[in-house]
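Asker: Sharing a structure below in structure tokens format, with a few things to ask.
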Amino acid sequence: MEKKRKEKFLQIKRFLSNGKVLFGGIVLLLLAFTSISAPYIAPHDPNEQELTATKKPPFWIEGGDTNHILGTDSLGRDIFSRLLYGSRVAMFVAVVGTFFAGLIGVTLALLAGYYRGAVDNLISRFVDVWISFPPILLSIVLMAVLGTGITKVALAIILVDWTRFCRVIRGEVFNIREKDFILAARAIALGNLRIIVKEVFPNIVPLLIVLVTLEMGIAIIVEAILSFVGLSVEASIPAWGQMIALGRLYIHQAWWIMVFPMICIIISVLGLNLLGDGLREVLDPRLKVMGMK
Amino acid sequence: MNLKYIIKRLLYIITTLFGVSIITFVILRVIPGNPIAMMLPPQATQQDIIELKAQYGLDKAIPIQYGIWLINVVQGDFGVSIHMKQDVMELVIERLPATLELVLAATAIALILGIFIGTLSIMKKDTFLDKLGSLMAVLGLAIPDFLWGLLFIIFFGVFWHVLPISGRIASTDTLINITGFFLVDSLIKFDFKGFYSVFLHLILPAFSLALPLTAIVIRVIKSSLLEVVKEDYILLARVKGLAERVVIFIHALRNALIPTTTIVGVQFGFLMGGTVLVEIIYSWPGLGKLAVTAIITRDLPLIQGVVLVLAFIFVIVNLIVDLLYTFINPKIRYG
Amino acid sequence: MSDPLLSVKNLQVFFHLAQGTLKAIDGVSLDVKKGQIVGLVGESGGGKSMIGLSILRLVPEGGKIASGKIIFEGKNLLNLSEDEIRIIRGSYISMILQDPLTSLNPAFRIGPQMIDVLRLHKGYDKKEAELIAIEMLHNIGIPDPKKNIRKFPHQLSGGMRQRVVIAIAFSCSPKLIIADEPTTALDVTIQAQILQLLKNLSTEYQTSVLFITHDLGIVANLCDSVAVIYAGEIVETAQTSELFLNPKHPYTKALFQSILRHDKKQEHFYSIEGVMGSHIDWPDKCKFYPRCSEKLDGCEKTGSVEFVSYSPDHLVRCLKYE
């Protein structure tokens, strides 16, 4: 028992000694924290308009004050509070979008990779057709069809990005299926479903973890793109992309309106990418995932 | 390269496009926004709506609508844009060169930068240059193209006005449109002032698109070079007394480029449909901007046309990549 | 007698690994005289190839030449600058690698791969170099060299490719060629042809050859003298005829026995008991004694064993003869 605990400790230490994992982990925890506790820690109501104090700069610039530490936007709303609330949107689409995209993609990949033949042909062909759609245009079309709303953004991300999981995992399942332990399990006539769940799935987990972190970054970017073109959440919900689109109109007078949400997106995506990279190094140095964007 | 392979590939392309068109058609027919309602004045009667619907064939069942559309498309008729009242194919062809010029420039930048930085960081392993290359690879992927675009706009639009941040050419310059590729058009006419203006306008949008791709190229080049330098023929090149830069930049790189072509080709396909945001940010009159306008105005024939053309380019590019792969890989070409 | 062309003195090559220090080459001394063919014999993994690479200062990443001298024509190669050693490589000393299938660059035609070394070291222009390359190919028995020089490596057979590699090695008429198992990857019939070619060329160009192999049969036909290497140490050196008549070291004897068994169509090519294993952090003492059939009580206790002169040209490193 003591030994097991020590092993676990060593494993955690190994993960944390990878700088990328450490940095990415901290970013992820921070995002989780701000998105859960935004209502408690935000100094202002994100939609409260102070029309007497529009385009106030951050506190360290002449004219700014600590009441609005990152300044206000063109309608006098507190940027810091809006950023905190914006992280809720980002995290929601990242978690929900990635989970379901992964669920669909992995399920189809397991079926295609395990049964092969006609099943694989059908699924792979469908994936081929699906990725021939330009992904960003497809998500914009879908949002136009679905209408605005946070669950719809997540849905659009799921519908566009399940193929990422499906393609990569399918190849991995193909390889795993040839391994001895799977052949042995088939030889003693274990049920197919059981083999898939108990034998194949655990072996794709390392790859899946890496894909999940990368996909969370992609989901945050896609949400930002959609809210930038005004097709994401309702106007009353603060989102980073929307803040950027607004800030773009005032870059000459008030650069901070646009810059801070940009920094939030960049750090979030950077953190998640590094987490994925680092986990890949720690979990399996031989594992290769192409840096597909 | 046999006939069977070519037929197989052609069938593949046709079925893919068929699939894409069906899916687009189905998705678009459930659009709640009614394009007809947007085209008519508020006081229009029910009768007007029915007439207009009939005019665009929107009153028929979806499979029949699809059949009619497909028959027309096969004859080269993609219909007329509801919003712009112009032939869809004409609109697309008019915008296509702008996007292509942008994407080609971005791909060229990404290839040159990526290959150079990736190779150099393998040669100068664990030095400052290597670290810089790794940083670029990480940042390039973490910052998506439209954020690069906005960063450049802050920098060059607000602080340092040396590069234009909007459009394809200065408003004071005019170009005679021949091919639609402005760099080519200005050269044909020996209009060097125009060429310079077009070139300057291209820099920022092209770099915005290129930086994420550069990151990918750096990664691929580095990982394939790391494999290649372990090969015996690299040892033999060193045994011959060749300088390290010749060994890496000529003997190793040529082999590492083979997998790189595939990745860059696929990315080129993605890039064609991924210029949307950069085109909006830089007011670039390309396909992406056209597509967004079409989507926002619910212009069904135009959306269908643009999506199908982009999907067509995607599969064609993939085909070209496959052919190119056989071309640069002597093992296949002279197999 | 004049100074040897190449004299390796007390060479040590270390790999510092996570598990400890691996002495890949541990105090090797070796002479190659002008015009001589010297065989370097031992099992794979024994450090034979590492010696060849060390002479050209091309030790793989992670390894370091820790001490020793490599005297070539009176100069210590280990003291040369990177640019100076590059002039030696390919023009004064060249090397033939083991596997002809992988030692030519698949992305280039044969021509450029032969021409670059000629242009680099001899200063020929492209035309001249190509003419010389074609003549070389003709001399080493490649049919229709004008056509074959425009082919890619994978379009040639293994034997042809090894001929090309040999042509590259000889093209600048080097003083010394290190041939690292140049025939192992080839068919038996082709092996004989390639060996004959190598022998003829070395006579024609008056090139010394350091011939690395695990095959004593080849040594008998080709080499003037032999050094037997085990786990990074030379254990016995002698003239070929002397070694074949009078093998002294237990390892050498075991090698001969394995040939005999091989001739009796036994399954394994080598059937010396046990495996060489890794010698990471091995203390200073005989490395062979765990497998040795003649080991003495002292072998495990005694420290490093020095060479013993059995006869003037016959050295052996074994406690038995001390």
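Residues are referred to by chain and number: the chain letter is A, B, ... according to the order shown in the structure tokens, the number counts from 1 in that chain, and ligands are numbered separately from 1 in the order shown.
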Taking only C-alpha atoms into account, which residues of chain C are within 8 Å of chain B, as a CSV table (one decimal) with all heavy atoms, in the first residue's frame?
Answerer:
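The file below, part_35.csv, is the result:
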chain,number,residue,atom,x,y,z
C,56,LEU,N,37.6,8.7,-38.1
C,56,LEU,CA,37.2,9.8,-38.9
C,56,LEU,C,36.5,10.9,-38.0
C,56,LEU,O,36.0,11.9,-38.5
C,56,LEU,CB,36.1,9.4,-39.9
C,56,LEU,CG,36.7,8.6,-41.1
C,56,LEU,CD1,35.6,8.0,-41.9
C,56,LEU,CD2,37.6,9.5,-42.0
C,58,LEU,N,33.8,10.7,-36.3
C,58,LEU,CA,32.4,10.7,-36.5
C,58,LEU,C,31.7,9.9,-35.5
C,58,LEU,O,30.7,9.1,-35.8
C,58,LEU,CB,32.1,10.3,-37.9
C,58,LEU,CG,32.4,11.3,-39.0
C,58,LEU,CD1,32.3,10.6,-40.4
C,58,LEU,CD2,31.5,12.5,-38.9
C,85,ILE,N,39.9,18.2,-40.4
C,85,ILE,CA,39.5,16.8,-40.4
C,85,ILE,C,38.6,16.5,-41.6
C,85,ILE,O,38.6,15.5,-42.2
C,85,ILE,CB,38.8,16.3,-39.1
C,85,ILE,CG1,38.6,14.8,-39.1
C,85,ILE,CG2,37.5,17.0,-38.9
C,85,ILE,CD1,39.9,14.0,-38.8
C,86,ARG,N,37.8,17.5,-42.0
C,86,ARG,CA,36.9,17.3,-43.2
C,86,ARG,C,37.7,17.1,-44.5
C,86,ARG,O,37.3,16.5,-45.4
C,86,ARG,CB,35.9,18.5,-43.3
C,86,ARG,CG,34.8,18.4,-42.4
C,86,ARG,CD,33.6,19.2,-43.0
C,86,ARG,NE,33.8,20.6,-43.0
C,86,ARG,CZ,34.0,21.3,-44.2
C,86,ARG,NH1,34.0,20.6,-45.3
C,86,ARG,NH2,34.2,22.6,-44.2
C,87,ILE,N,38.9,17.8,-44.5
C,87,ILE,CA,39.7,17.6,-45.7
C,87,ILE,C,40.3,16.1,-45.7
C,87,ILE,O,40.4,15.5,-46.8
C,87,ILE,CB,40.9,18.6,-45.7
C,87,ILE,CG1,40.3,20.0,-45.9
C,87,ILE,CG2,41.9,18.3,-46.8
C,87,ILE,CD1,41.2,21.1,-45.7
C,88,ILE,N,40.6,15.6,-44.5
C,88,ILE,CA,41.0,14.2,-44.4
C,88,ILE,C,39.9,13.2,-44.9
C,88,ILE,O,40.2,12.3,-45.7
C,88,ILE,CB,41.4,13.9,-43.0
C,88,ILE,CG1,42.5,14.8,-42.5
C,88,ILE,CG2,41.8,12.4,-42.8
C,88,ILE,CD1,43.9,14.5,-42.9
C,89,ARG,N,38.7,13.5,-44.4
C,89,ARG,CA,37.6,12.6,-44.7
C,89,ARG,C,37.3,12.6,-46.2
C,89,ARG,O,37.2,13.6,-46.8
C,89,ARG,CB,36.3,13.1,-44.0
C,89,ARG,CG,36.3,12.9,-42.6
C,89,ARG,CD,34.9,13.5,-42.0
C,89,ARG,NE,35.0,13.7,-40.6
C,89,ARG,CZ,34.3,14.6,-40.0
C,89,ARG,NH1,33.5,15.4,-40.6
C,89,ARG,NH2,34.4,14.8,-38.7
C,90,GLY,N,37.2,11.4,-46.8
C,90,GLY,CA,36.8,11.3,-48.2
C,90,GLY,C,38.0,11.4,-49.1
C,90,GLY,O,38.0,10.8,-50.1
C,91,SER,N,39.0,12.2,-48.7
C,91,SER,CA,40.2,12.3,-49.7
C,91,SER,C,41.4,11.5,-49.2
C,91,SER,O,42.0,10.8,-50.0
C,91,SER,CB,40.5,13.8,-49.9
C,91,SER,OG,41.0,14.3,-48.7
C,94,SER,N,38.8,7.2,-46.4
C,94,SER,CA,37.3,7.1,-46.6
C,94,SER,C,36.8,5.8,-46.1
C,94,SER,O,37.6,5.0,-45.6
C,94,SER,CB,37.0,7.3,-48.1
C,94,SER,OG,37.5,6.3,-48.8
C,95,MET,N,35.5,5.6,-46.1
C,95,MET,CA,34.9,4.5,-45.4
C,95,MET,C,33.8,3.9,-46.3
C,95,MET,O,33.1,4.7,-47.0
C,95,MET,CB,34.3,5.1,-44.1
C,95,MET,CG,33.8,4.0,-43.2
C,95,MET,SD,33.6,4.7,-41.5
C,95,MET,CE,32.9,3.3,-40.7
C,97,LEU,N,30.4,1.8,-45.9
C,97,LEU,CA,29.5,1.4,-44.8
C,97,LEU,C,28.9,0.0,-45.1
C,97,LEU,O,29.0,-0.5,-46.2
C,97,LEU,CB,28.4,2.4,-44.7
C,97,LEU,CG,28.8,3.8,-44.4
C,97,LEU,CD1,27.6,4.7,-44.2
C,97,LEU,CD2,29.7,3.9,-43.1
C,102,THR,N,21.2,1.2,-47.7
C,102,THR,CA,20.9,2.4,-47.0
C,102,THR,C,22.0,3.5,-47.1
C,102,THR,O,21.8,4.6,-46.6
C,102,THR,CB,20.6,2.2,-45.5
C,102,THR,OG1,21.7,1.5,-44.9
C,102,THR,CG2,19.4,1.3,-45.3
C,103,SER,N,23.1,3.2,-47.7
C,103,SER,CA,24.2,4.2,-47.6
C,103,SER,C,24.2,5.1,-48.7
C,103,SER,O,25.0,6.0,-48.8
C,103,SER,CB,25.5,3.5,-47.3
C,103,SER,OG,25.8,2.5,-48.2
C,104,LEU,N,23.3,4.9,-49.7
C,104,LEU,CA,23.2,5.9,-50.8
C,104,LEU,C,21.9,6.7,-50.5
C,104,LEU,O,20.9,6.2,-50.1
C,104,LEU,CB,23.2,5.3,-52.2
C,104,LEU,CG,24.5,4.7,-52.6
C,104,LEU,CD1,24.3,3.9,-53.9
C,104,LEU,CD2,25.6,5.8,-52.8
C,105,ASN,N,22.0,8.0,-50.8
C,105,ASN,CA,20.9,8.9,-50.6
C,105,ASN,C,19.8,8.6,-51.6
C,105,ASN,O,20.0,8.8,-52.8
C,105,ASN,CB,21.3,10.3,-50.7
C,105,ASN,CG,20.3,11.3,-50.1
C,105,ASN,OD1,19.1,11.1,-50.2
C,105,ASN,ND2,20.8,12.4,-49.5
C,106,PRO,N,18.6,8.2,-51.1
C,106,PRO,CA,17.5,7.8,-52.0
C,106,PRO,C,17.0,9.0,-52.9
C,106,PRO,O,16.3,8.7,-53.9
C,106,PRO,CB,16.4,7.2,-51.1
C,106,PRO,CG,16.7,7.9,-49.8
C,106,PRO,CD,18.2,8.1,-49.7
C,107,ALA,N,17.2,10.2,-52.4
C,107,ALA,CA,16.6,11.3,-53.1
C,107,ALA,C,17.5,11.9,-54.2
C,107,ALA,O,17.1,12.8,-55.0
C,107,ALA,CB,16.3,12.4,-52.1
C,117,VAL,N,32.0,14.5,-54.1
C,117,VAL,CA,33.3,14.3,-53.4
C,117,VAL,C,34.5,14.6,-54.2
C,117,VAL,O,35.5,15.2,-53.8
C,117,VAL,CB,33.3,12.8,-52.8
C,117,VAL,CG1,33.4,11.8,-53.9
C,117,VAL,CG2,34.5,12.6,-51.9
C,120,LEU,N,34.7,18.4,-54.4
C,120,LEU,CA,35.1,19.0,-53.1
C,120,LEU,C,36.6,18.8,-52.9
C,120,LEU,O,37.3,19.8,-52.5
C,120,LEU,CB,34.4,18.3,-52.0
C,120,LEU,CG,34.7,18.7,-50.5
C,120,LEU,CD1,34.2,20.1,-50.3
C,120,LEU,CD2,34.1,17.7,-49.5
C,152,PHE,N,18.5,6.4,-60.0
C,152,PHE,CA,18.4,6.6,-58.5
C,152,PHE,C,18.9,5.3,-57.9
C,152,PHE,O,18.7,4.2,-58.5
C,152,PHE,CB,17.0,6.9,-58.1
C,152,PHE,CG,16.6,8.3,-58.3
C,152,PHE,CD1,15.9,8.6,-59.5
C,152,PHE,CD2,16.9,9.3,-57.4
C,152,PHE,CE1,15.5,10.0,-59.7
C,152,PHE,CE2,16.6,10.6,-57.7
C,152,PHE,CZ,15.9,10.9,-58.8
C,154,HIS,N,17.7,3.2,-55.7
C,154,HIS,CA,16.7,2.1,-55.6
C,154,HIS,C,16.5,1.3,-56.9
C,154,HIS,O,16.0,0.3,-56.9
C,154,HIS,CB,15.4,2.5,-55.0
C,154,HIS,CG,14.6,3.3,-56.0
C,154,HIS,ND1,14.7,4.7,-56.1
C,154,HIS,CD2,13.6,2.9,-56.8
C,154,HIS,CE1,13.9,5.1,-57.0
C,154,HIS,NE2,13.2,4.0,-57.5
C,155,GLN,N,17.0,2.0,-58.0
C,155,GLN,CA,16.9,1.3,-59.3
C,155,GLN,C,18.0,0.3,-59.6
C,155,GLN,O,18.0,-0.4,-60.6
C,155,GLN,CB,16.8,2.3,-60.4
C,155,GLN,CG,15.6,3.2,-60.3
C,155,GLN,CD,15.6,4.3,-61.3
C,155,GLN,OE1,16.4,5.3,-61.2
C,155,GLN,NE2,14.8,4.3,-62.4
C,169,ALA,N,34.3,5.6,-52.4
C,169,ALA,CA,35.3,5.6,-51.5
C,169,ALA,C,36.7,5.7,-52.1
C,169,ALA,O,37.6,6.3,-51.6
C,169,ALA,CB,35.3,4.3,-50.7
Asker: For chain A, list the residues within 7 Å of chain B, counting only C-alpha atoms, and write the list as a PDB file with N, CA and C atoms, in the first residue's frame.
Answerer:
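New file part_13.pdb:
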ATOM      1  N   VAL A 129     -15.916  13.021 -46.624  1.00  0.00           N
ATOM      2  CA  VAL A 129     -16.838  14.028 -47.149  1.00  0.00           C
ATOM      3  C   VAL A 129     -16.931  15.189 -46.166  1.00  0.00           C
ATOM      4  N   SER A 132     -14.201  17.694 -46.143  1.00  0.00           N
ATOM      5  CA  SER A 132     -14.063  18.511 -47.346  1.00  0.00           C
ATOM      6  C   SER A 132     -14.765  19.853 -47.200  1.00  0.00           C
ATOM      7  N   PHE A 133     -15.645  19.959 -46.181  1.00  0.00           N
ATOM      8  CA  PHE A 133     -16.215  21.270 -45.869  1.00  0.00           C
ATOM      9  C   PHE A 133     -15.133  22.102 -45.211  1.00  0.00           C
ATOM     10  N   PRO A 134     -14.984  23.338 -45.650  1.00  0.00           N
ATOM     11  CA  PRO A 134     -14.066  24.203 -44.904  1.00  0.00           C
ATOM     12  C   PRO A 134     -14.607  24.353 -43.472  1.00  0.00           C
ATOM     13  N   ILE A 136     -14.255  26.298 -40.822  1.00  0.00           N
ATOM     14  CA  ILE A 136     -14.748  27.563 -40.270  1.00  0.00           C
ATOM     15  C   ILE A 136     -16.051  27.969 -40.937  1.00  0.00           C
ATOM     16  N   LEU A 137     -16.106  27.798 -42.275  1.00  0.00           N
ATOM     17  CA  LEU A 137     -17.353  28.124 -42.991  1.00  0.00           C
ATOM     18  C   LEU A 137     -18.482  27.231 -42.519  1.00  0.00           C
ATOM     19  N   VAL A 141     -21.982  28.463 -41.118  1.00  0.00           N
ATOM     20  CA  VAL A 141     -23.268  28.045 -41.709  1.00  0.00           C
ATOM     21  C   VAL A 141     -24.149  27.426 -40.630  1.00  0.00           C
ATOM     22  N   ALA A 144     -25.644  29.934 -38.409  1.00  0.00           N
ATOM     23  CA  ALA A 144     -26.718  30.647 -39.091  1.00  0.00           C
ATOM     24  C   ALA A 144     -27.997  29.823 -39.046  1.00  0.00           C
ATOM     25  N   VAL A 145     -27.844  28.500 -39.168  1.00  0.00           N
ATOM     26  CA  VAL A 145     -29.014  27.629 -39.145  1.00  0.00           C
ATOM     27  C   VAL A 145     -29.556  27.487 -37.734  1.00  0.00           C
ATOM     28  N   ILE A 251      -9.754  50.753 -31.908  1.00  0.00           N
ATOM     29  CA  ILE A 251      -8.336  50.536 -31.619  1.00  0.00           C
ATOM     30  C   ILE A 251      -7.536  51.830 -31.599  1.00  0.00           C
ATOM     31  N   HIS A 252      -7.988  52.832 -32.306  1.00  0.00           N
ATOM     32  CA  HIS A 252      -7.198  54.060 -32.308  1.00  0.00           C
ATOM     33  C   HIS A 252      -7.366  54.844 -31.023  1.00  0.00           C
ATOM     34  N   ILE A 266      -5.090  33.999 -26.170  1.00  0.00           N
ATOM     35  CA  ILE A 266      -3.758  33.477 -26.497  1.00  0.00           C
ATOM     36  C   ILE A 266      -3.220  32.643 -25.342  1.00  0.00           C
ATOM     37  N   VAL A 269      -5.167  29.259 -25.037  1.00  0.00           N
ATOM     38  CA  VAL A 269      -4.849  28.293 -26.084  1.00  0.00           C
ATOM     39  C   VAL A 269      -3.399  27.813 -25.947  1.00  0.00           C
ATOM     40  N   LEU A 270      -2.519  28.763 -25.627  1.00  0.00           N
ATOM     41  CA  LEU A 270      -1.115  28.400 -25.419  1.00  0.00           C
ATOM     42  C   LEU A 270      -1.007  27.367 -24.298  1.00  0.00           C
ATOM     43  N   ASN A 273      -2.398  23.986 -25.455  1.00  0.00           N
ATOM     44  CA  ASN A 273      -1.483  23.340 -26.409  1.00  0.00           C
ATOM     45  C   ASN A 273      -0.261  22.775 -25.709  1.00  0.00           C
ATOM     46  N   GLY A 291       0.474  18.133 -35.984  1.00  0.00           N
ATOM     47  CA  GLY A 291      -0.020  19.409 -35.484  1.00  0.00           C
ATOM     48  C   GLY A 291      -1.079  20.002 -36.387  1.00  0.00           C
TER      49      GLY A 291
END
Asker: I'd like the neighbourhood of segment 71-75 of chain C as a list in words, where a residue qualifies if any of its atoms comes within 9 Å (using only C-alpha atoms), though same-chain residues fewer than 4 positions away should be ignored.
Answerer: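 Close residues of segment 71-75 of chain C: Asp3, Pro4, Leu5, Leu6, Ser7, Val8, Lys9, Asn79 and Leu80 of chain C.
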Asker: Any idea what the distance is between atom CA of Gly265 of chain B and atom CA of Ile112 of chain B?
Answerer: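 Separation between atom CA of Gly265 of chain B and atom CA of Ile112 of chain B: 14.5 Å.
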Asker: Residues within 7 Å of Ser35 of chain A, please, as a PyMOL selection string. Count only C-alpha atoms; anything in the same chain fewer than 5 positions from it doesn't count.
Answerer: chain A and resi 84-85+87-88+91
Asker: Excluding Leu249 of chain A and any residue of its chain fewer than 6 positions from it, enumerate the residues within 10 Å of it, using only C-alpha atoms, and give them as a count of residues only.
Answerer: 4
Asker: Just list as a ChimeraX atom specification whatever in segment 39-213 of chain C DSSP marks as alpha helix (DSSP H).
Answerer: /C:48-55,82-88,110-122,126-139,145-148,158-170,188-205
Asker: Take the residues from that selection and write them out as a compact mmCIF listing (two decimals), in the first residue's frame, keeping C-alpha atoms.
Answerer:
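Below is the file that was written, selection.txt:
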# COMPACT_ATOMS: atom_id res chain seq x y z
CA LYS C 48 34.44 -2.62 -34.37
CA SER C 49 32.43 0.00 -36.23
CA MET C 50 33.03 2.51 -33.45
CA ILE C 51 36.77 2.30 -34.09
CA GLY C 52 36.19 3.07 -37.77
CA LEU C 53 33.98 6.05 -36.94
CA SER C 54 36.41 7.31 -34.30
CA ILE C 55 39.25 7.41 -36.80
CA GLU C 82 36.80 20.55 -37.76
CA ASP C 83 37.75 22.01 -41.17
CA GLU C 84 41.05 20.14 -41.24
CA ILE C 85 39.48 16.79 -40.44
CA ARG C 86 36.90 17.34 -43.19
CA ILE C 87 39.75 17.55 -45.69
CA ILE C 88 41.02 14.20 -44.41
CA ILE C 110 24.03 8.23 -58.51
CA GLY C 111 25.88 10.94 -60.45
CA PRO C 112 25.72 13.82 -57.99
CA GLN C 113 26.58 11.50 -55.12
CA MET C 114 29.81 10.50 -56.86
CA ILE C 115 30.61 13.93 -58.21
CA ASP C 116 30.32 15.97 -55.03
CA VAL C 117 33.28 14.29 -53.36
CA LEU C 118 35.46 14.72 -56.48
CA ARG C 119 34.59 18.37 -56.77
CA LEU C 120 35.13 18.99 -53.09
CA HIS C 121 38.52 17.36 -52.71
CA LYS C 122 40.02 17.45 -56.18
CA LYS C 126 31.18 19.37 -62.92
CA LYS C 127 31.99 18.06 -66.40
CA GLU C 128 35.40 16.67 -65.47
CA ALA C 129 34.08 15.09 -62.31
CA GLU C 130 31.28 13.41 -64.23
CA LEU C 131 33.71 11.96 -66.77
CA ILE C 132 35.87 10.58 -63.97
CA ALA C 133 32.84 9.16 -62.19
CA ILE C 134 31.73 7.39 -65.37
CA GLU C 135 35.20 5.97 -65.80
CA MET C 136 35.23 4.80 -62.18
CA LEU C 137 31.89 3.04 -62.66
CA HIS C 138 33.24 1.40 -65.78
CA ASN C 139 36.37 0.23 -63.95
CA PRO C 145 27.86 3.61 -66.74
CA LYS C 146 26.59 6.60 -68.75
CA LYS C 147 23.06 5.37 -68.27
CA ASN C 148 23.43 4.04 -64.75
CA GLY C 158 22.37 -4.35 -53.83
CA GLY C 159 25.64 -5.52 -55.38
CA MET C 160 25.65 -2.65 -57.87
CA ARG C 161 24.97 -0.19 -55.11
CA GLN C 162 27.88 -1.50 -53.07
CA ARG C 163 30.08 -1.13 -56.13
CA VAL C 164 28.99 2.49 -56.36
CA VAL C 165 29.77 3.02 -52.67
CA ILE C 166 33.19 1.47 -53.22
CA ALA C 167 33.73 3.69 -56.24
CA ILE C 168 32.91 6.73 -54.11
CA ALA C 169 35.35 5.56 -51.45
CA PHE C 170 38.19 5.10 -53.94
CA VAL C 188 27.25 -15.02 -51.06
CA THR C 189 28.14 -15.00 -54.78
CA ILE C 190 28.15 -11.21 -54.89
CA GLN C 191 30.23 -11.13 -51.70
CA ALA C 192 33.12 -12.86 -53.44
CA GLN C 193 32.99 -10.45 -56.37
CA ILE C 194 32.93 -7.40 -54.12
CA LEU C 195 35.84 -8.71 -52.05
CA GLN C 196 37.86 -9.39 -55.18
CA LEU C 197 37.08 -5.89 -56.40
CA LEU C 198 38.18 -4.41 -53.11
CA LYS C 199 41.40 -6.36 -53.17
CA ASN C 200 42.18 -5.36 -56.77
CA LEU C 201 41.43 -1.71 -56.12
CA SER C 202 43.58 -1.59 -53.01
CA THR C 203 46.48 -3.03 -54.99
CA GLU C 204 45.87 -0.69 -57.91
CA TYR C 205 45.57 2.44 -55.80
Asker: Atom CA of Val228 of chain B and atom CA of Cys166 of chain A, how far apart in Å?
Answerer: 29.6 Å
Asker: Considering only C-alpha atoms, return as a VMD selection string whatever protein or nucleic-acid residues lie within 9 Å of segment 160-174 of chain B, sequence-local ones (same chain, fewer than 6 positions apart) excluded.
Answerer: chain B and resid 98 152 to 154 182 193 to 195 197 to 205 279 281 to 285
